[in-house]
Amino acid sequence: MKIETIAVHAGRNTDAGSGAITSTLQLATTFERGADGTFPHGYVYSRTDNPNRSALEVCLAELEGGACAAAFASGLAASMAMFQALSPGDHVVAPLDVYWGTTIQLRQILERWGLKITTVDMSDICQVEREITPNTRLLWLETPSNPLLKIVDIKRLVGIGHRSGAWVACDNTWATPVLQRPLELGVDVVMHSTTKYLGGHSDVVGGALICRKEDDLFRRIRLIQTSGGAVPSPFDCWLIRRGVSTLAWRVRAQSQQAAQVAEFLSHHPKVAAVHYPGLKEHPGHEVAARQMRLFGGMLAFQVKGGRDAAIGAAGKVKLFTRATSLGGVESLIEHRASVEHPGTRTPDDLLRVSIGLEHVDDLIEDLDQALG
Ligand SMILES: Cc1ncc(COP(=O)(O)O)c(C=O)c1O
């Protein structure tokens, strides 16, 4: 089945009681036992499972082509569960420019908890190979990366990870399953911040892990989800499931528009550099063209004149909203370095842009007047 059809139908049920064609929001925290003590509908208590969460998990597993999924209260709760599925002493290799929140999680929480962490430029396969140790249990990929849009070769990194007995997980938040299918390239676990494109409307925070197999790793993830307790509310699951219905159409339009904005910026006299994998000069263009269907709705650019010029341009936009986050229907712009903590690798003159569904001509006009 094609992804547009999965996005509309997977995990969606007509309500048996009323015939309502949208899934019922089930707010109950607990579910009645039968007279014989069993649970006739399979649900016991809403932290461990809930009809709206099950519906979302079925949908996410089908979208990514996985066997099973676990939904979490945020993207970081999902990555946390993946890292906690490892054991103290295990070694994780992650990209140098991994999402800032993941860096904080790894360095300030999980390192203290006993994980060994190495960050490396994963677009350089030799560097990754050099960092593998007998204790390496996980290669964590993020492609395109946040905020520099670096691209890594998923298939080759899966080869390296699996040869050394490590799992390979991929944060697929920016590409979405519409553009990139890491499980088909051999990855074991896909992670999402469903806050972004999957929810799609900037009104719900969530996360998910989707596994290729229903194996011991997934059982550990499920245990961390239900006994760690970072679960999404039924309404959050309902909103994300609803947002997914239009995912393919939104992401394709946003990608086409982002490509046009990137092209415009690449010729703008006030712009020093554009980071967008769809541009031929982008160092990851060839790999991205192989493993992605389109190049996504996110881009970043550096403004001539440094930090002040970048902040000045962001201050002049009229249609873009100055805000963090991404993947919604409205276009956002952000001076990324100032939202990250000291020690960030993000250039001070960089603006990150999430392209929404406004008309691309209006978006380009807005950036043009803001750059002056
Ligand atoms: C690539 C990526 N991964 C993970 C996250 C974290 O997701 P959340 O904010 O839902 O915890 C984000 C948030 O911006 C992100 O961009």
# chains A, B, ... in the order shown; residues from 1 in each chain; ligands from 1
$ residues_near_ligand --ligand "ligand 1" --cutoff "6 Å" --atoms "only C-alpha atoms and all ligand atoms" --output "list in words"
Ser74, Gly75, Leu76, Tyr99, Asn146, Thr173, Trp174, Ser193, Thr195, Val205, Gly206, Gly207 and Ser325 of chain A
$ residues_around --residues "Ile210 of chain A" --least-positions-apart "5" --cutoff "7 Å" --atoms "only C-alpha atoms" --output "ChimeraX atom specification"
/A:61,66,68-70,189-191
$ write_last_selection --atoms "C-alpha atoms" --output "PDB file, in the first residue's frame"
ATOM      1  CA  ALA A  61       4.835   1.121  12.448  1.00  0.00           C
ATOM      2  CA  GLY A  66       8.382  -1.561  10.865  1.00  0.00           C
ATOM      3  CA  CYS A  68       6.091  -2.442  15.954  1.00  0.00           C
ATOM      4  CA  ALA A  69       6.247   0.998  17.538  1.00  0.00           C
ATOM      5  CA  ALA A  70       6.226   2.610  20.959  1.00  0.00           C
ATOM      6  CA  VAL A 189      15.207   1.428  15.122  1.00  0.00           C
ATOM      7  CA  VAL A 190      13.763   4.660  13.747  1.00  0.00           C
ATOM      8  CA  MET A 191      13.200   7.541  16.140  1.00  0.00           C
TER       9      MET A 191
END
$ atom_distance --atom1 "atom CA of Thr321 of chain A" --atom2 "atom CA of Ile355 of chain A"
10.7 Å
$ closest_residue --among "A:Leu265, A:Leu294, A:Cys170, A:Ile21" --to "Gly278 of chain A" --atoms "only C-alpha atoms"
A:Leu294
$ residues_around --residues "Gly228 of chain A" --least-positions-apart "5" --cutoff "10 Å" --atoms "only C-alpha atoms" --output "list in words"
Arg47, Ala77, Ala81, Gln84, Ile221, Arg222 and Leu223 of chain A
$ write_last_selection --atoms "N, CA and C atoms" --output "PDB file, in the first residue's frame"
ATOM      1  N   ARG A  47      -1.550   3.909  31.489  1.00  0.00           N
ATOM      2  CA  ARG A  47      -0.096   4.088  31.322  1.00  0.00           C
ATOM      3  C   ARG A  47       0.484   2.940  30.504  1.00  0.00           C
ATOM      4  N   ALA A  77      11.981  11.863  25.056  1.00  0.00           N
ATOM      5  CA  ALA A  77      11.615  10.682  25.852  1.00  0.00           C
ATOM      6  C   ALA A  77      11.851   9.419  25.017  1.00  0.00           C
ATOM      7  N   ALA A  81      14.609   6.456  25.854  1.00  0.00           N
ATOM      8  CA  ALA A  81      14.265   5.029  25.988  1.00  0.00           C
ATOM      9  C   ALA A  81      15.237   4.169  25.182  1.00  0.00           C
ATOM     10  N   GLN A  84      18.433   4.080  27.146  1.00  0.00           N
ATOM     11  CA  GLN A  84      18.275   3.299  28.386  1.00  0.00           C
ATOM     12  C   GLN A  84      18.099   1.811  28.107  1.00  0.00           C
ATOM     13  N   ILE A 221      12.405  -1.747  25.032  1.00  0.00           N
ATOM     14  CA  ILE A 221      11.854  -0.402  24.783  1.00  0.00           C
ATOM     15  C   ILE A 221      10.433  -0.307  25.340  1.00  0.00           C
ATOM     16  N   ARG A 222       9.641  -1.332  25.110  1.00  0.00           N
ATOM     17  CA  ARG A 222       8.257  -1.347  25.607  1.00  0.00           C
ATOM     18  C   ARG A 222       8.244  -1.278  27.138  1.00  0.00           C
ATOM     19  N   LEU A 223       9.171  -2.010  27.766  1.00  0.00           N
ATOM     20  CA  LEU A 223       9.244  -1.999  29.235  1.00  0.00           C
ATOM     21  C   LEU A 223       9.583  -0.590  29.743  1.00  0.00           C
TER      22      LEU A 223
END
$ closest_residue --among "A:Ala71, A:Ile6, A:Leu148, A:Leu198" --to "Thr48 of chain A" --atoms "only C-alpha atoms"
A:Ala71
$ select_by_dssp --residues "segment 178-290 of chain A" --states "strand (DSSP E or B)" --output "JSON, numbers by chain"
{"A": [189, 190, 191, 192, 193, 207, 208, 209, 210, 211, 271, 272, 273, 274, 275]}
$ write_last_selection --atoms "C-alpha atoms" --output "PDB file, in the first residue's frame"
ATOM      1  CA  VAL A 189      15.207   1.428  15.122  1.00  0.00           C
ATOM      2  CA  VAL A 190      13.763   4.660  13.747  1.00  0.00           C
ATOM      3  CA  MET A 191      13.200   7.541  16.140  1.00  0.00           C
ATOM      4  CA  HIS A 192      10.818  10.467  15.666  1.00  0.00           C
ATOM      5  CA  SER A 193      10.003  13.668  17.372  1.00  0.00           C
ATOM      6  CA  GLY A 207       7.938  11.002  20.180  1.00  0.00           C
ATOM      7  CA  ALA A 208       8.206   7.440  18.931  1.00  0.00           C
ATOM      8  CA  LEU A 209      10.526   4.507  18.367  1.00  0.00           C
ATOM      9  CA  ILE A 210       9.718   2.129  15.521  1.00  0.00           C
ATOM     10  CA  CYS A 211      11.508  -1.221  15.327  1.00  0.00           C
ATOM     11  CA  VAL A 271      23.841  35.308   2.016  1.00  0.00           C
ATOM     12  CA  ALA A 272      27.228  33.720   2.738  1.00  0.00           C
ATOM     13  CA  ALA A 273      26.173  30.042   2.573  1.00  0.00           C
ATOM     14  CA  VAL A 274      23.067  27.898   2.193  1.00  0.00           C
ATOM     15  CA  HIS A 275      22.787  24.461   3.780  1.00  0.00           C
TER      16      HIS A 275
END
$ closest_residue --among "A:Gly356, A:Thr344, A:Ala16, A:Ser87" --to "Ser202 of chain A" --atoms "only C-alpha atoms"
A:Gly356
$ residues_around --residues "Val168 of chain A" --least-positions-apart "6" --cutoff "6 Å" --atoms "only C-alpha atoms" --output "VMD selection string"
chain A and resid 138 to 139 187 to 188
$ write_last_selection --atoms "C-alpha atoms" --output "mmCIF file, in the first residue's frame"
data_model
loop_
_atom_site.group_PDB
_atom_site.id
_atom_site.type_symbol
_atom_site.label_atom_id
_atom_site.label_comp_id
_atom_site.auth_asym_id
_atom_site.auth_seq_id
_atom_site.Cartn_x
_atom_site.Cartn_y
_atom_site.Cartn_z
ATOM 1 C CA LEU A 138 24.749 1.562 19.153
ATOM 2 C CA LEU A 139 25.345 3.806 16.160
ATOM 3 C CA VAL A 187 18.442 0.301 10.383
ATOM 4 C CA ASP A 188 17.105 -1.453 13.505
#
$ closest_residue --among "A:Arg290, A:Arg137, A:His268, A:Arg241" --to "Ser23 of chain A" --atoms "only C-alpha atoms"
A:Arg241
$ select_by_dssp --residues "segment 17-198 of chain A" --states "helix (DSSP H, G or I)" --output "PDB file with C-alpha atoms, in the first residue's frame"
ATOM      1  CA  PRO A  51      -6.779   2.628  22.464  1.00  0.00           C
ATOM      2  CA  ASN A  52      -5.560   5.978  21.099  1.00  0.00           C
ATOM      3  CA  ARG A  53      -1.925   5.077  21.736  1.00  0.00           C
ATOM      4  CA  SER A  54      -2.377   1.644  20.134  1.00  0.00           C
ATOM      5  CA  ALA A  55      -3.936   3.285  17.076  1.00  0.00           C
ATOM      6  CA  LEU A  56      -1.007   5.704  16.772  1.00  0.00           C
ATOM      7  CA  GLU A  57       1.562   2.937  17.236  1.00  0.00           C
ATOM      8  CA  VAL A  58      -0.058   0.764  14.550  1.00  0.00           C
ATOM      9  CA  CYS A  59      -0.044   3.752  12.218  1.00  0.00           C
ATOM     10  CA  LEU A  60       3.603   4.711  12.884  1.00  0.00           C
ATOM     11  CA  ALA A  61       4.835   1.121  12.448  1.00  0.00           C
ATOM     12  CA  GLU A  62       3.070   0.880   9.078  1.00  0.00           C
ATOM     13  CA  LEU A  63       4.315   4.277   7.924  1.00  0.00           C
ATOM     14  CA  GLU A  64       7.960   3.340   8.524  1.00  0.00           C
ATOM     15  CA  GLY A  75      11.008  13.043  20.995  1.00  0.00           C
ATOM     16  CA  LEU A  76      13.587  13.198  23.764  1.00  0.00           C
ATOM     17  CA  ALA A  77      11.615  10.682  25.852  1.00  0.00           C
ATOM     18  CA  ALA A  78      11.848   8.361  22.825  1.00  0.00           C
ATOM     19  CA  SER A  79      15.623   8.784  22.377  1.00  0.00           C
ATOM     20  CA  MET A  80      16.041   8.401  26.149  1.00  0.00           C
ATOM     21  CA  ALA A  81      14.265   5.029  25.988  1.00  0.00           C
ATOM     22  CA  MET A  82      16.573   3.893  23.184  1.00  0.00           C
ATOM     23  CA  PHE A  83      19.670   4.838  25.190  1.00  0.00           C
ATOM     24  CA  GLN A  84      18.275   3.299  28.386  1.00  0.00           C
ATOM     25  CA  TRP A 100      21.434  19.817  20.611  1.00  0.00           C
ATOM     26  CA  GLY A 101      18.862  18.270  22.958  1.00  0.00           C
ATOM     27  CA  THR A 102      20.223  14.794  22.186  1.00  0.00           C
ATOM     28  CA  THR A 103      23.739  16.049  22.976  1.00  0.00           C
ATOM     29  CA  ILE A 104      22.560  17.310  26.371  1.00  0.00           C
ATOM     30  CA  GLN A 105      20.784  14.027  27.030  1.00  0.00           C
ATOM     31  CA  LEU A 106      23.849  11.976  26.152  1.00  0.00           C
ATOM     32  CA  ARG A 107      26.463  14.167  27.843  1.00  0.00           C
ATOM     33  CA  GLN A 108      24.629  15.368  30.938  1.00  0.00           C
ATOM     34  CA  ILE A 109      22.391  12.409  31.783  1.00  0.00           C
ATOM     35  CA  LEU A 110      23.492   9.205  30.112  1.00  0.00           C
ATOM     36  CA  ILE A 125      32.969   6.634   7.122  1.00  0.00           C
ATOM     37  CA  CYS A 126      36.680   6.086   7.989  1.00  0.00           C
ATOM     38  CA  GLN A 127      36.319   8.231  11.105  1.00  0.00           C
ATOM     39  CA  VAL A 128      33.329   6.164  12.237  1.00  0.00           C
ATOM     40  CA  GLU A 129      35.235   2.909  11.648  1.00  0.00           C
ATOM     41  CA  ARG A 130      38.137   4.192  13.749  1.00  0.00           C
ATOM     42  CA  GLU A 131      35.867   4.938  16.724  1.00  0.00           C
ATOM     43  CA  ILE A 154      22.621   5.173   6.138  1.00  0.00           C
ATOM     44  CA  LYS A 155      23.335   1.925   4.254  1.00  0.00           C
ATOM     45  CA  ARG A 156      27.103   2.104   4.719  1.00  0.00           C
ATOM     46  CA  LEU A 157      26.790   2.967   8.405  1.00  0.00           C
ATOM     47  CA  VAL A 158      24.382   0.053   8.900  1.00  0.00           C
ATOM     48  CA  GLY A 159      27.087  -2.185   7.388  1.00  0.00           C
ATOM     49  CA  ILE A 160      29.705  -0.882   9.843  1.00  0.00           C
ATOM     50  CA  GLY A 161      27.361  -1.096  12.824  1.00  0.00           C
ATOM     51  CA  HIS A 162      26.128  -4.602  12.122  1.00  0.00           C
ATOM     52  CA  ARG A 163      29.612  -5.981  11.335  1.00  0.00           C
ATOM     53  CA  THR A 176       9.923  11.618   7.703  1.00  0.00           C
ATOM     54  CA  PRO A 177       9.005   8.233   6.171  1.00  0.00           C
ATOM     55  CA  VAL A 178       7.665  10.117   3.161  1.00  0.00           C
ATOM     56  CA  LEU A 179      11.207  10.999   2.061  1.00  0.00           C
ATOM     57  CA  PRO A 182      15.780   3.883   7.202  1.00  0.00           C
ATOM     58  CA  LEU A 183      14.337   0.462   8.127  1.00  0.00           C
ATOM     59  CA  GLU A 184      14.456  -0.549   4.453  1.00  0.00           C
ATOM     60  CA  LEU A 185      18.152   0.422   4.455  1.00  0.00           C
TER      61      LEU A 185
END
$ residues_around --residues "Ala323 of chain A" --least-positions-apart "4" --cutoff "12 Å" --atoms "only C-alpha atoms" --output "list in words"
Ser202, Ala314, Gly315, Val317, Gly327, Gly328, Glu330, Ser331, Leu332, Ile333, Glu334, His335, Arg336, Ser338, Val339, Leu351, Arg352, Val353 and Ser354 of chain A
$ write_last_selection --atoms "N, CA and C atoms" --output "PDB file, in the first residue's frame"
ATOM      1  N   SER A 202       2.120  22.087  14.982  1.00  0.00           N
ATOM      2  CA  SER A 202       2.710  22.833  16.105  1.00  0.00           C
ATOM      3  C   SER A 202       1.768  22.914  17.315  1.00  0.00           C
ATOM      4  N   ALA A 314      16.460  38.237  10.956  1.00  0.00           N
ATOM      5  CA  ALA A 314      15.352  37.495  11.592  1.00  0.00           C
ATOM      6  C   ALA A 314      14.359  38.475  12.226  1.00  0.00           C
ATOM      7  N   GLY A 315      14.891  39.613  12.702  1.00  0.00           N
ATOM      8  CA  GLY A 315      14.027  40.611  13.339  1.00  0.00           C
ATOM      9  C   GLY A 315      13.107  41.322  12.363  1.00  0.00           C
ATOM     10  N   VAL A 317      11.532  39.860   9.590  1.00  0.00           N
ATOM     11  CA  VAL A 317      10.554  39.057   8.833  1.00  0.00           C
ATOM     12  C   VAL A 317       9.138  39.458   9.236  1.00  0.00           C
ATOM     13  N   GLY A 327       8.400  21.858  11.164  1.00  0.00           N
ATOM     14  CA  GLY A 327       7.508  20.817  10.642  1.00  0.00           C
ATOM     15  C   GLY A 327       6.035  21.171  10.675  1.00  0.00           C
ATOM     16  N   GLY A 328       5.691  22.392  11.089  1.00  0.00           N
ATOM     17  CA  GLY A 328       4.283  22.792  11.104  1.00  0.00           C
ATOM     18  C   GLY A 328       3.879  23.421   9.780  1.00  0.00           C
ATOM     19  N   GLU A 330       3.048  26.481   9.367  1.00  0.00           N
ATOM     20  CA  GLU A 330       3.508  27.872   9.293  1.00  0.00           C
ATOM     21  C   GLU A 330       5.035  27.898   9.235  1.00  0.00           C
ATOM     22  N   SER A 331       5.582  28.829   8.458  1.00  0.00           N
ATOM     23  CA  SER A 331       7.043  28.899   8.325  1.00  0.00           C
ATOM     24  C   SER A 331       7.660  29.557   9.550  1.00  0.00           C
ATOM     25  N   LEU A 332       8.754  28.962  10.035  1.00  0.00           N
ATOM     26  CA  LEU A 332       9.459  29.485  11.204  1.00  0.00           C
ATOM     27  C   LEU A 332      10.895  29.823  10.838  1.00  0.00           C
ATOM     28  N   ILE A 333      11.455  30.798  11.558  1.00  0.00           N
ATOM     29  CA  ILE A 333      12.863  31.152  11.375  1.00  0.00           C
ATOM     30  C   ILE A 333      13.486  31.291  12.760  1.00  0.00           C
ATOM     31  N   GLU A 334      14.742  30.870  12.870  1.00  0.00           N
ATOM     32  CA  GLU A 334      15.354  30.891  14.187  1.00  0.00           C
ATOM     33  C   GLU A 334      16.856  31.145  14.115  1.00  0.00           C
ATOM     34  N   HIS A 335      17.337  32.050  14.969  1.00  0.00           N
ATOM     35  CA  HIS A 335      18.779  32.188  15.164  1.00  0.00           C
ATOM     36  C   HIS A 335      19.180  31.057  16.098  1.00  0.00           C
ATOM     37  N   ARG A 336      19.745  30.016  15.508  1.00  0.00           N
ATOM     38  CA  ARG A 336      19.860  28.745  16.211  1.00  0.00           C
ATOM     39  C   ARG A 336      20.886  28.788  17.351  1.00  0.00           C
ATOM     40  N   SER A 338      21.733  30.971  19.414  1.00  0.00           N
ATOM     41  CA  SER A 338      21.334  31.593  20.682  1.00  0.00           C
ATOM     42  C   SER A 338      20.308  30.769  21.445  1.00  0.00           C
ATOM     43  N   VAL A 339      19.716  29.768  20.810  1.00  0.00           N
ATOM     44  CA  VAL A 339      18.801  28.892  21.556  1.00  0.00           C
ATOM     45  C   VAL A 339      19.557  27.675  22.096  1.00  0.00           C
ATOM     46  N   LEU A 351      20.873  31.142  10.335  1.00  0.00           N
ATOM     47  CA  LEU A 351      19.427  31.134  10.593  1.00  0.00           C
ATOM     48  C   LEU A 351      18.866  29.810  10.090  1.00  0.00           C
ATOM     49  N   ARG A 352      18.070  29.163  10.919  1.00  0.00           N
ATOM     50  CA  ARG A 352      17.435  27.900  10.510  1.00  0.00           C
ATOM     51  C   ARG A 352      15.989  28.194  10.144  1.00  0.00           C
ATOM     52  N   VAL A 353      15.555  27.570   9.065  1.00  0.00           N
ATOM     53  CA  VAL A 353      14.230  27.867   8.531  1.00  0.00           C
ATOM     54  C   VAL A 353      13.431  26.581   8.354  1.00  0.00           C
ATOM     55  N   SER A 354      12.189  26.612   8.839  1.00  0.00           N
ATOM     56  CA  SER A 354      11.251  25.523   8.578  1.00  0.00           C
ATOM     57  C   SER A 354      10.202  26.068   7.621  1.00  0.00           C
TER      58      SER A 354
END
$ closest_residue --among "A:Ser233, A:Asn172, A:Thr119, A:Ser245" --to "Ser145 of chain A" --atoms "only C-alpha atoms"
A:Asn172
$ residues_around --residues "Glu263 of chain A" --least-positions-apart "6" --cutoff "12 Å" --atoms "only C-alpha atoms" --output "list of chain:residue names"
A:Gln256, A:Gln257, A:Val271, A:Ala273, A:Val274, A:His275, A:Tyr276, A:Pro277, A:Gly278, A:Leu279, A:Lys280, A:Glu281, A:His282, A:Leu299, A:Phe301, A:Val360, A:Ile364
$ write_last_selection --atoms "C-alpha atoms" --output "PDB file, in the first residue's frame"
ATOM      1  CA  GLN A 256       9.321  21.575  -3.120  1.00  0.00           C
ATOM      2  CA  GLN A 257       8.979  25.026  -1.570  1.00  0.00           C
ATOM      3  CA  VAL A 271      23.841  35.308   2.016  1.00  0.00           C
ATOM      4  CA  ALA A 273      26.173  30.042   2.573  1.00  0.00           C
ATOM      5  CA  VAL A 274      23.067  27.898   2.193  1.00  0.00           C
ATOM      6  CA  HIS A 275      22.787  24.461   3.780  1.00  0.00           C
ATOM      7  CA  TYR A 276      20.253  22.409   1.824  1.00  0.00           C
ATOM      8  CA  PRO A 277      20.980  18.868   0.560  1.00  0.00           C
ATOM      9  CA  GLY A 278      18.978  19.520  -2.602  1.00  0.00           C
ATOM     10  CA  LEU A 279      21.609  21.992  -3.825  1.00  0.00           C
ATOM     11  CA  LYS A 280      24.148  20.306  -6.114  1.00  0.00           C
ATOM     12  CA  GLU A 281      27.068  21.908  -4.269  1.00  0.00           C
ATOM     13  CA  HIS A 282      25.945  20.499  -0.889  1.00  0.00           C
ATOM     14  CA  LEU A 299      17.162  24.587   5.432  1.00  0.00           C
ATOM     15  CA  PHE A 301      21.652  29.810   5.769  1.00  0.00           C
ATOM     16  CA  VAL A 360       6.445  30.112  -1.797  1.00  0.00           C
ATOM     17  CA  ILE A 364      10.712  34.437  -0.802  1.00  0.00           C
TER      18      ILE A 364
END
$ closest_residue --among "A:Asp97, A:Asp153, A:Asp171, A:Asp49" --to "Val120 of chain A" --atoms "only C-alpha atoms"
A:Asp97
